[in-house]
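Remarks on the structure that follows.
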Protein chains: 6
Amino acid sequence: MDLSTDTIHEVVARALREDVGAVDLTTLAAVPAEARAEAHVVFREAGVVCGLPVARAVFAAVDPALSWKATVGEGTRVEQGTIVATVAGPARGLLTGERVALNLLQRMSGIATMAARYVEAVAGTGARILDTRKTTPGLRALEKYAVRTGGAVNHRYGLYDGVMLKDNHLAILAAHGLGLAEAIGRARAAVGPMVRVEVEVESVEQAAAAAAAGADMILLDNMPPAQLRAAVAAVAGRARTEASGGITLETIRAVAESGVDYISVGALTHSARALDIGLDIAIGV
Amino acid sequence: MDLSTDTIHEVVARALREDVGAVDLTTLAAVPAEARAEAHVVFREAGVVCGLPVARAVFAAVDPALSWKATVGEGTRVEQGTIVATVAGPARGLLTGERVALNLLQRMSGIATMAARYVEAVAGTGARILDTRKTTPGLRALEKYAVRTGGAVNHRYGLYDGVMLKDNHLAILAAHGLGLAEAIGRARAAVGPMVRVEVEVESVEQAAAAAAAGADMILLDNMPPAQLRAAVAAVAGRARTEASGGITLETIRAVAESGVDYISVGALTHSARALDIGLDIAIGV
Amino acid sequence: MDLSTDTIHEVVARALREDVGAVDLTTLAAVPAEARAEAHVVFREAGVVCGLPVARAVFAAVDPALSWKATVGEGTRVEQGTIVATVAGPARGLLTGERVALNLLQRMSGIATMAARYVEAVAGTGARILDTRKTTPGLRALEKYAVRTGGAVNHRYGLYDGVMLKDNHLAILAAHGLGLAEAIGRARAAVGPMVRVEVEVESVEQAAAAAAAGADMILLDNMPPAQLRAAVAAVAGRARTEASGGITLETIRAVAESGVDYISVGALTHSARALDIGLDIAIGV
Amino acid sequence: MDLSTDTIHEVVARALREDVGAVDLTTLAAVPAEARAEAHVVFREAGVVCGLPVARAVFAAVDPALSWKATVGEGTRVEQGTIVATVAGPARGLLTGERVALNLLQRMSGIATMAARYVEAVAGTGARILDTRKTTPGLRALEKYAVRTGGAVNHRYGLYDGVMLKDNHLAILAAHGLGLAEAIGRARAAVGPMVRVEVEVESVEQAAAAAAAGADMILLDNMPPAQLRAAVAAVAGRARTEASGGITLETIRAVAESGVDYISVGALTHSARALDIGLDIAIGV
Amino acid sequence: MDLSTDTIHEVVARALREDVGAVDLTTLAAVPAEARAEAHVVFREAGVVCGLPVARAVFAAVDPALSWKATVGEGTRVEQGTIVATVAGPARGLLTGERVALNLLQRMSGIATMAARYVEAVAGTGARILDTRKTTPGLRALEKYAVRTGGAVNHRYGLYDGVMLKDNHLAILAAHGLGLAEAIGRARAAVGPMVRVEVEVESVEQAAAAAAAGADMILLDNMPPAQLRAAVAAVAGRARTEASGGITLETIRAVAESGVDYISVGALTHSARALDIGLDIAIGV
Amino acid sequence: MDLSTDTIHEVVARALREDVGAVDLTTLAAVPAEARAEAHVVFREAGVVCGLPVARAVFAAVDPALSWKATVGEGTRVEQGTIVATVAGPARGLLTGERVALNLLQRMSGIATMAARYVEAVAGTGARILDTRKTTPGLRALEKYAVRTGGAVNHRYGLYDGVMLKDNHLAILAAHGLGLAEAIGRARAAVGPMVRVEVEVESVEQAAAAAAAGADMILLDNMPPAQLRAAVAAVAGRARTEASGGITLETIRAVAESGVDYISVGALTHSARALDIGLDIAIGV
């Protein structure tokens with residue numbers, strides 16, 4: 001799925017306002033107005049390319065006279081040293097947009113690359129990788145797009161498009177004498193027909209109870225593989241299952257082999273390392 | 001230095017709009033309107049606390065009836081398991097604000113903690129740690145504040161508050177027959193008296209030339225410690241020196257001992273891992 | 001479910017800016033700055049009260065010194081002549097805010113009243129009333145809230161929180177050789193696990209096919225009651241069913257008795273008449 | 001009179017953000033990126049066409065690659081079944097923009113159609129139809145434009161472009177010992193030379209007094225035709241006259257024949273029914 | 001007439017964002033967080049005080065803990081050296097807000113003072129002083145308020161609240177074969193009943209023709225006093241008259257004595273000198 | 001240095017919204033939609049041309065069909081009567097944009113012209129003219145650009161890009177037992193390596209002390225030329241020097257000859273008179 005032009009525009013405008021502010025002192029002070037340049041966007045390490053349309057929008061916003069030509073497709077896995085795009089035109093605008101374009105590209109490609117690694121790690125099992133709401137404030141749409149670009153699946157976008165009864169909700173409901181089944185019933189009754197209800201459980205018994213109470217999806221929190229397997233069996237296809245909690249590239253295969261439908265990984269968005277991507281001037285005139 | 005109320009307000013409003021959207025389906029569907037709760041913000045790993053005023057602002061924006069009490073000071077280094085704040089009041093608002101508050105706190109504390117590690121690594125040398133412009137678009141003010149909270153120093157805020165002639169600027173100027181000294185001269189002549197001029201160099205000879213041409217600060221890019229030491233000697237106090245380029249916790253001590261004034265570390269903001277911080281319901285009524 | 005403070009604030013600020021503009025010429029020219037007044041918000045016809053928190057926000061935005069006291073609860077069904085709230089304080093602000101407060105209250109109460117009539121008309125059947133996306137641009141959150149206040153249920157909030165394959169989607173997919181089942185399959189594969197998929201059908205056969213293909217909800221478009229009954233039977237509980245298309249207060253009972261789960265009524269939001277609500281000065285000093 | 005591009009842009013951007021949000025799940029999940037379509041905008045009932053430039057702007061905002069061709073002029077009265085425009089291009093954008101475009105077109109054409117009916121009802125009398133400030137918050141400029149498109153006349157745009165002393169203003173002024181004539185005098189003295197002053201009266205005597213005191217326009221509130229006739233005679237051309245208050249298509253002719261200059265009808269904007277307008281896919285490839 | 005809170009808020013927020021940006025380096029670097037101060041706002045030259053509520057809003061926006069006490073009323077004429085307000089509280093906020101508060105106060109008081117001088121210069125004649133649309137972009141509401149504070153009268157607020165057929169409009173209409181009377185007729189027919197129509201004329205004959213054609217107000221452009229007198233006689237009370245065009249404090253008395261109703265002075269807003277106003281620290285602790 | 005497109009766009013959009021509001025009544029009521037015109041932008045007095053790109057942006061924003069052709073370069077000094085640009089196209093848009101375009105052009109050219117006079121007055125001395133932060137709120141970027149266009153130099157852009165310890169800062173620090181040298185030291189230690197520190201002094205002794213304490217720049221406030229000369233001597237090249245305080249065109253030469261590096265003149269932006277610039281219709285069809 002795509003990114004809306006409106007989202008790209010808003011993020012790019014905000015980022016440029018933040019970085020350029022009143023004026024780009026360096027470029028305007030030192031670079032002749034008539035200077036022109038061509039530059040390559042280069043992956044200095046291997047990874048999954050993500051964010052090319054966003055980077056293009058940065059340069060277009062700085063100076064519409066800058067041209068942009070992507071040389072690989074969005075989502076491609078590239079080797080170290082690959083040129084992924086060429087930008088050319090007035091040198092001032094090219095230099096002014098460089099950092100913002102790279103900042104977005106590095107972050108998005110970092111997330112897509114990390115997502116692709118997790119997807120690969122569970123290949124052949126039935127499990128699919130999900131993201132979470134642990135995204136960078138202000139960049140959720142871009143980060144969820146990067147997750148998709150890496151081959152993983154998006155969980156809820158926010159609090160508005162799905163019900164998720166987590167430990168803290170259940171703790172408060174319990175203090176009001178409302179158990180798991182009642183919590184699921186209350187939620188189901190209040191929301192519209194297109195809304196799914198997920199509930200977090202901490203034991204096999206709770207998983208079974210949640211499935212019986214009509215949960216659409218069950219979050220199995222912090223369970224070792226054996227317990228996950230038991231929970232999946234107890235749910236018995238009545239609801240989708242999701243494993244969650246501190247899962248790493250080392251542990252994920254075992255989790256996936258437990259038979260869960262989904263595995264959510266917060267680190268995809270809260271701790272992805274930026275990829276090393278640079279801009280090299282190819283021609284300056 | 002502080003964070004302006006305006007900045008906090010803008011980031012928090014944007015983050016809540018992004019996460020809550022039209023309505024928090026879960027809380028409103030399942031949690032009684034009259035439910036109240038008290039919860040602890042807990043560091044699930046050790047680190048430097050950063051972002052408490054921002055987290056407070058999140059809960060206040062969701063529901064002004066929520067109270068907030070920080071139990072450690074901003075910037076404190078805490079152990080795993082430390083409660084850093086308590087939030088109490090209407091349960092719905094508390095649950096609605098949880099994720100956004102934690103997302104900001106985790107990221108800011110992650111940066112502050114990483115900065116503190118780098119600062120510690122160079123303790124006793126004269127070198128100071130700098131951040132860069134490789135920040136998350138839309139969050140620069142918060143991330144630069146987190147860097148300061150961790151004890152490091154802020155480099156430029158953006159393109160508007162300092163001249164920095166980097167490799168790409170110099171390449172374009174060279175294509176126009178303008179060398180290093182001319183670049184520095186052009187910049188100096190065009191900007192106002194309060195603006196400093198920094199220039200990136202790649203050899204000891206260039207460093208010496210830059211100092212002679214009147215640069216205020218010289219970026220020594222990707223030099224091994226011995227070369228840095230030679231460059232510092234060649235500059236001979238005529239300008240500040242900054243080492244930069246792929247410096248890690250493992251290599252930074254040697255860099256610092258070369259005698260440079262500053263060491264800039266992009267990873268502080270582009271690749272800091274979020275700290276593991278949670279919200280535990282203490283009382284629900 | 002509630003309305004977020006942020007939504008109310010945004011709508012009210014925009015409405016006041018639109019109506020007041022640079023200055024309220026009348027009030028400021030003619031009304032003494034020290035004049036004070038108390039006024040009653042009066043329902044000049046019977047209906048369901050909706051929008052009191054929004055009206056209160058209007059007066060608070062114009063002048064925080066204005067007090068507001070609701071005398072009936074939001075969602076109450078009141079008779080003609082009922083005073084639903086009292087606003088008191090500086091006369092200028094009271095007069096400046098009057099029209100915007102009433103405009104919002106009249107529209108929201110009009111929708112809630114209309115929704116309540118439809119809900120009442122199907123009482124005792126299992127059918128529930130749904131709204132649509134045919135809302136007033138810029139006021140969707142308020143109008144969906146008014147629908148709930150009238151006792152009906154919200155369908156999707158927008159294009160972002162549910163998949164709905166309507167006639168136009170299917171026509172385009174057909175031109176690509178993709179039938180109903182393939183459309184449902186494509187959608188299901190692309191979206192996350194919390195997203196439901198609804199499909200529009202025009203015959204009993206299509207309804208059966210959609211259910212077999214795994215649709216979560218099936219829109220039965222413009223079917224007479226007998227056909228609806230057959231479609232419901234064909235779906236056989238495998239998916240929720242929704243009747244739609246030109247249903248009025250006169251025809252809805254028969255539709256509901258066909259056994260459909262939901263009936264959607266676009267007129268709730270696109271053609272509700274504003275209720276007649278006025279502001280009467282009770283005391284002026 | 002026209003609609004400013006800025007107004008159209010602002011309303012359209014807000015409406016799309018509200019409806020599309022982060023992503024149009026359906027279109028992007030199910031419709032191939034390369035699919036193209038041509039569709040007709042069809043009036044499913046007779047009426048006055050209004051809003052074509054706004055609908056065009058919606059599709060242009062979603063995807064600039066969509067073409068738009070209006071086949072009747074704005075303001076034309078068309079029969080049921082008339083195709084008023086054709087939109088063609090990438091199918092995804094066409095489907096994403098459909099609802100927002102129709103929502104605006106239906107509402108604006110509904111208002112223009114209703115206004116045209118009122119204008120027709122008073123044809124041949126000297127009376128002209130006016131709108132009021134009872135518009136949809138956020139859409140006033142569009143609704144006032146629709147009123148003009150239907151052949152009626154705009155009253156004030158807001159509180160900023162005319163003085164209107166209504167019952168509530170006069171009640172408060174009376175409590176300060178200021179009568180009708182004094183109210184008019186105060187207002188006249190305070191405002192600039194380009195501002196007209198209207199006052200609301202409830203009797204023939206008040207109408208005469210208002211004219212004598214220099215009112216530019218007199219609102220005759222809730223008077224039967226005979227009383228209106230007497231009031232018009234008492235004003236004797238010294239001011240414009242406006243009849244107002246619960247006037248319907250059934251009663252308006254008699255009101256107009258009383259000789260008033262203007263008749264204001266709040267229902268034009270607060271209770272116009274949306275016209276039934278659809279989008280039919282003509283070609284999908 | 002007052003200034004709306006919304007206007008003040010918007011101007012102040014924009015001004016602070018522009019001046020403070022990411023951070024007030026000086027105050028935060030040098031001034032202890034716990035420092036407190038009390039300062040006087042002092043008129044360093046005589047003038048009319050205007051903008052106190054705006055200055056107060058600046059300090060409140062920077063830090064709500066700052067208190068503000070005006071010691072003279074808005075609109076008062078004060079002598080050199082007068083303290084007009086005292087601000088006290090946290091020193092950092094006081095220093096951060098100083099420049100923005102003074103910038104607004106100096107400009108607004110400069111305009112009010114200049115307006116008062118013009119008003120005084122025509123005292124005893126029937127003429128009143130008008131402003132124009134030659135205001136500072138973004139500050140029109142504040143500047144029109146300052147004009148009123150100085151005792152002059154506001155002309156139109158913008159293009160939206162009055163018709164003004166100026167030389168350029170008439171030139172274009174003439175090219176279409178439309179003369180003065182036809183221009184007035186077209187305008188009158190197209191606008192609503194609350195809109196006044198003014199027309200610019202350059203001769204006594206045109207003034208007479210405009211009055212005969214039903215203009216509500218006639219702009220007598222660049223006429224010497226004798227010609228103005230003739231024009232006023234020719235208009236003979238059928239319309240208001242306005243003199244305009246390069247009128248200075250030296251020439252205005254003679255213009256006023258020609259009998260015109262209004263004299264407009266663009267310099268009030270486009271060329272008023274800022275008043276010299278300072279902030280003196282009285283106590284620092 | 002240039003103006004960013006974003007800045008121009010934001011100022012122009014705000015200015016048009018303020019002036020045009022809902023609708024340009026005059027143009028739309030009186031001017032035929034098909035009318036076209038060509039008009040000249042004429043300097044009615046001599047001066048430095050500044051703001052052409054901004055004026056062009058105004059017309060483009062009103063109607064993209066308007067063409068613009070500048071006939072002199074930005075920054076040119078022109079004689080009275082010079083045509084500086086021609087705008088042509090739909091007459092309505094041309095008339096709607098006229099006032100906003102001229103308001104911006106008049107103000108910017110007024111500032112550039114005043115700056116050029118000051119620059120000329122110090123020609124041949126080493127002194128350069130600086131602006132201040134006494135700019136029009138909301139227009140700082142445009143005004144600083146106008147100052148540059150007139151040949152002067154920009155001081156700080158705001159509180160964020162330089163440290164300036166002024167009298168009020170020093171008074172508060174003194175109350176905390178912190179003298180001039182300590183103030184400079186505190187500031188230096190807290191800010192990053194690219195930030196310069198300026199301090200205001202009132203005597204030759206303070207100037208010497210500030211230089212000794214490491215100030216980068218010293219503001220010599222309100223000193224007569226002889227004292228300035230002594231201060232410059234005392235500073236002895238260790239810091240830049242800036243004279244400030246009530247300096248006029250009459251006194252500035254003597255100030256410049258004192259040997260100071262910079263002279264700051266607040267009047268450049270707070271009290272520049274708008275230049276007389278008009279728009280003359282050349283052809284109307």
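As shown in the structure tokens, the chain order sets the letters A, B, ...; within each chain, residues go from 1, and ligands are also counted from 1 in the order they appear.
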### Query
Taking only C-alpha atoms into account, which residues of chain F are within 9 Å of chain C, as a PyMOL selection string?
chain F and resi 18+21-22
#### Entry: DSSP alpha helix (DSSP H) selection over stretch 42-255 of chain A, as a ChimeraX atom specification
/A:52-62,91-121,140-149,167-175,180-190,204-212,225-235,252-255
Written file, previous selection with C-alpha atoms, as a CSV table (one decimal), in the first residue's frame:
chain,number,residue,atom,x,y,z
A,52,LEU,CA,12.6,7.3,-2.6
A,53,PRO,CA,9.3,9.2,-3.2
A,54,VAL,CA,9.8,11.0,0.1
A,55,ALA,CA,13.4,12.0,-0.8
A,56,ARG,CA,12.2,13.1,-4.2
A,57,ALA,CA,9.5,15.3,-2.6
A,58,VAL,CA,12.2,17.0,-0.4
A,59,PHE,CA,14.2,18.1,-3.4
A,60,ALA,CA,11.1,19.2,-5.3
A,61,ALA,CA,10.0,21.2,-2.3
A,62,VAL,CA,13.3,23.0,-2.0
A,91,ALA,CA,23.4,23.3,-6.7
A,92,ARG,CA,22.1,25.5,-4.0
A,93,GLY,CA,18.8,23.6,-3.7
A,94,LEU,CA,20.5,20.3,-4.0
A,95,LEU,CA,22.7,21.1,-1.0
A,96,THR,CA,19.9,22.6,1.0
A,97,GLY,CA,17.8,19.5,0.6
A,98,GLU,CA,20.5,16.9,1.1
A,99,ARG,CA,20.3,16.3,4.9
A,100,VAL,CA,16.5,16.2,5.2
A,101,ALA,CA,16.3,13.8,2.2
A,102,LEU,CA,19.0,11.5,3.7
A,103,ASN,CA,17.5,11.7,7.2
A,104,LEU,CA,14.2,10.4,5.9
A,105,LEU,CA,15.7,7.8,3.5
A,106,GLN,CA,18.1,6.4,6.2
A,107,ARG,CA,15.4,6.0,8.7
A,108,MET,CA,12.8,4.5,6.3
A,109,SER,CA,15.4,2.1,4.7
A,110,GLY,CA,16.6,1.2,8.2
A,111,ILE,CA,13.1,0.1,9.2
A,112,ALA,CA,12.4,-1.7,5.9
A,113,THR,CA,15.7,-3.5,6.1
A,114,MET,CA,15.1,-4.6,9.7
A,115,ALA,CA,11.5,-5.7,8.8
A,116,ALA,CA,12.9,-7.8,5.9
A,117,ARG,CA,15.3,-9.6,8.2
A,118,TYR,CA,12.5,-10.6,10.5
A,119,VAL,CA,10.3,-11.7,7.6
A,120,GLU,CA,13.1,-13.8,6.3
A,121,ALA,CA,13.7,-15.4,9.7
A,140,ARG,CA,3.8,6.8,11.9
A,141,ALA,CA,2.5,6.8,8.4
A,142,LEU,CA,6.0,6.7,6.9
A,143,GLU,CA,7.2,4.1,9.3
A,144,LYS,CA,4.2,1.8,8.8
A,145,TYR,CA,4.8,2.1,5.1
A,146,ALA,CA,8.5,1.2,5.6
A,147,VAL,CA,7.3,-1.9,7.5
A,148,ARG,CA,5.1,-2.9,4.6
A,149,THR,CA,8.0,-2.2,2.2
A,167,ASP,CA,-3.1,-5.6,30.5
A,168,ASN,CA,-3.7,-2.1,31.8
A,169,HIS,CA,-7.3,-2.0,30.5
A,170,LEU,CA,-8.0,-5.4,32.0
A,171,ALA,CA,-6.5,-4.3,35.4
A,172,ILE,CA,-8.8,-1.4,35.6
A,173,LEU,CA,-11.8,-3.4,34.5
A,174,ALA,CA,-11.0,-6.0,37.1
A,175,ALA,CA,-11.1,-3.4,39.7
A,180,LEU,CA,-12.0,-11.0,30.6
A,181,ALA,CA,-15.3,-12.2,29.0
A,182,GLU,CA,-17.2,-9.2,30.2
A,183,ALA,CA,-14.5,-6.9,28.9
A,184,ILE,CA,-14.8,-8.4,25.5
A,185,GLY,CA,-18.6,-8.3,25.6
A,186,ARG,CA,-18.6,-4.6,26.5
A,187,ALA,CA,-16.2,-3.7,23.7
A,188,ARG,CA,-18.1,-5.7,21.1
A,189,ALA,CA,-21.4,-4.2,22.1
A,190,ALA,CA,-20.1,-0.6,21.9
A,204,VAL,CA,-3.2,-20.7,28.2
A,205,GLU,CA,-6.4,-20.7,30.2
A,206,GLN,CA,-7.0,-17.0,29.5
A,207,ALA,CA,-6.4,-17.6,25.8
A,208,ALA,CA,-9.1,-20.3,25.8
A,209,ALA,CA,-11.5,-18.1,27.7
A,210,ALA,CA,-10.9,-15.1,25.3
A,211,ALA,CA,-11.6,-17.3,22.3
A,212,ALA,CA,-14.7,-18.6,23.9
A,225,PRO,CA,7.4,-21.3,22.6
A,226,ALA,CA,6.0,-24.3,24.4
A,227,GLN,CA,3.3,-22.2,26.1
A,228,LEU,CA,2.6,-20.5,22.8
A,229,ARG,CA,2.0,-23.9,21.3
A,230,ALA,CA,-0.4,-24.8,24.0
A,231,ALA,CA,-2.2,-21.5,23.7
A,232,VAL,CA,-2.6,-21.9,19.9
A,233,ALA,CA,-4.1,-25.3,20.5
A,234,ALA,CA,-6.5,-23.9,23.1
A,235,VAL,CA,-7.7,-21.2,20.9
A,252,ILE,CA,11.8,-15.5,16.5
A,253,ARG,CA,12.1,-18.7,14.5
A,254,ALA,CA,11.2,-20.8,17.6
A,255,VAL,CA,8.3,-18.4,18.3
### Task
DSSP on the backbone, then: every residue of stretch 37-261 of chain F marked strand (DSSP E or B), written as a ChimeraX atom specification.
/F:37-43,47-48,67-70,77-78,83-90,128-130,153,163-165,195,197-201,217-221,240-244
### Task
List the neighbours of E:Val87 out to 6 Å using only C-alpha atoms; skip same-chain residues closer than 3 positions along the sequence, and give me the result as an MDAnalysis selection string.
chainID E and resid 38:39 67:68
### Message
Can you tell me which residues surround D:Val11 at a distance of at most 8 Å, considering only C-alpha atoms, apart from same-chain residues fewer than 3 positions away, and format the answer as a PyMOL selection string?
### Response
(chain C and resi 137-138) or (chain D and resi 7-8+14-15+138-139)
Store the residues picked out above, limited to all heavy atoms, as a PDB file, in the first residue's frame.
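Wrote it out as part.pdb, contents follow:
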ATOM      1  N   PRO C 137     -18.506  17.494   5.175  1.00  0.00           N
ATOM      2  CA  PRO C 137     -17.044  17.621   5.222  1.00  0.00           C
ATOM      3  C   PRO C 137     -16.589  18.555   6.352  1.00  0.00           C
ATOM      4  O   PRO C 137     -17.053  19.690   6.444  1.00  0.00           O
ATOM      5  CB  PRO C 137     -16.710  18.194   3.839  1.00  0.00           C
ATOM      6  CG  PRO C 137     -17.798  17.661   2.960  1.00  0.00           C
ATOM      7  CD  PRO C 137     -19.033  17.686   3.831  1.00  0.00           C
ATOM      8  N   GLY C 138     -15.732  18.060   7.191  1.00  0.00           N
ATOM      9  CA  GLY C 138     -15.200  18.847   8.296  1.00  0.00           C
ATOM     10  C   GLY C 138     -15.896  18.580   9.616  1.00  0.00           C
ATOM     11  O   GLY C 138     -15.407  18.948  10.673  1.00  0.00           O
TER      12      GLY C 138
ATOM     13  N   THR D   7     -10.233  29.113  -0.668  1.00  0.00           N
ATOM     14  CA  THR D   7     -11.348  28.513   0.075  1.00  0.00           C
ATOM     15  C   THR D   7     -11.571  27.080  -0.378  1.00  0.00           C
ATOM     16  O   THR D   7     -11.714  26.166   0.433  1.00  0.00           O
ATOM     17  CB  THR D   7     -12.631  29.334  -0.169  1.00  0.00           C
ATOM     18  OG1 THR D   7     -12.415  30.647   0.305  1.00  0.00           O
ATOM     19  CG2 THR D   7     -13.822  28.712   0.527  1.00  0.00           C
ATOM     20  N   ILE D   8     -11.620  26.885  -1.677  1.00  0.00           N
ATOM     21  CA  ILE D   8     -11.830  25.531  -2.198  1.00  0.00           C
ATOM     22  C   ILE D   8     -10.726  24.610  -1.709  1.00  0.00           C
ATOM     23  O   ILE D   8     -10.977  23.516  -1.201  1.00  0.00           O
ATOM     24  CB  ILE D   8     -11.845  25.555  -3.752  1.00  0.00           C
ATOM     25  CG1 ILE D   8     -13.060  26.335  -4.253  1.00  0.00           C
ATOM     26  CG2 ILE D   8     -11.855  24.133  -4.300  1.00  0.00           C
ATOM     27  CD1 ILE D   8     -13.117  26.459  -5.772  1.00  0.00           C
ATOM     28  N   ARG D  14      -9.125  19.578   3.933  1.00  0.00           N
ATOM     29  CA  ARG D  14      -9.653  19.148   5.227  1.00  0.00           C
ATOM     30  C   ARG D  14     -10.562  17.924   5.055  1.00  0.00           C
ATOM     31  O   ARG D  14     -10.482  16.958   5.811  1.00  0.00           O
ATOM     32  CB  ARG D  14     -10.438  20.302   5.847  1.00  0.00           C
ATOM     33  CG  ARG D  14     -10.809  20.094   7.298  1.00  0.00           C
ATOM     34  CD  ARG D  14     -11.890  21.065   7.752  1.00  0.00           C
ATOM     35  NE  ARG D  14     -11.541  22.434   7.446  1.00  0.00           N
ATOM     36  CZ  ARG D  14     -12.425  23.357   7.055  1.00  0.00           C
ATOM     37  NH1 ARG D  14     -13.711  23.066   6.939  1.00  0.00           N
ATOM     38  NH2 ARG D  14     -12.025  24.580   6.778  1.00  0.00           N
ATOM     39  N   ALA D  15     -11.403  17.961   4.044  1.00  0.00           N
ATOM     40  CA  ALA D  15     -12.343  16.859   3.823  1.00  0.00           C
ATOM     41  C   ALA D  15     -11.606  15.575   3.466  1.00  0.00           C
ATOM     42  O   ALA D  15     -11.970  14.484   3.928  1.00  0.00           O
ATOM     43  CB  ALA D  15     -13.327  17.236   2.718  1.00  0.00           C
ATOM     44  N   GLY D 138     -17.777  25.912   9.029  1.00  0.00           N
ATOM     45  CA  GLY D 138     -16.656  25.493   8.197  1.00  0.00           C
ATOM     46  C   GLY D 138     -16.953  25.526   6.706  1.00  0.00           C
ATOM     47  O   GLY D 138     -16.054  25.476   5.887  1.00  0.00           O
ATOM     48  N   LEU D 139     -18.231  25.620   6.358  1.00  0.00           N
ATOM     49  CA  LEU D 139     -18.587  25.592   4.938  1.00  0.00           C
ATOM     50  C   LEU D 139     -19.337  26.850   4.487  1.00  0.00           C
ATOM     51  O   LEU D 139     -19.987  26.849   3.448  1.00  0.00           O
ATOM     52  CB  LEU D 139     -19.449  24.355   4.630  1.00  0.00           C
ATOM     53  CG  LEU D 139     -18.818  22.996   4.873  1.00  0.00           C
ATOM     54  CD1 LEU D 139     -19.782  21.887   4.476  1.00  0.00           C
ATOM     55  CD2 LEU D 139     -17.525  22.853   4.077  1.00  0.00           C
TER      56      LEU D 139
END
### Task
Find the spatial neighbours of stretch 216-220 of chain A, counting only C-alpha atoms, within a cut-off of 6 Å - ignore same-chain residues fewer than 3 positions away - and output them as a VMD selection string.
chain A and resid 196 to 201 239 to 243
### Query
Mind pulling up the distance from atom CA of E:Ala267 to atom CA of F:Leu66?
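Computing it gives 29.3 Å between the two atoms.
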### Query
Got a sec: who's within 6 Å of D:Tyr262, counting only C-alpha atoms, leaving out chain neighbours fewer than 3 positions off, as a ChimeraX atom specification?
/D:127-129,242
#### Entry: Computed interatomic separation between atom CA of B:Gly259 and atom CA of B:Tyr157 (Å)
25.0 Å
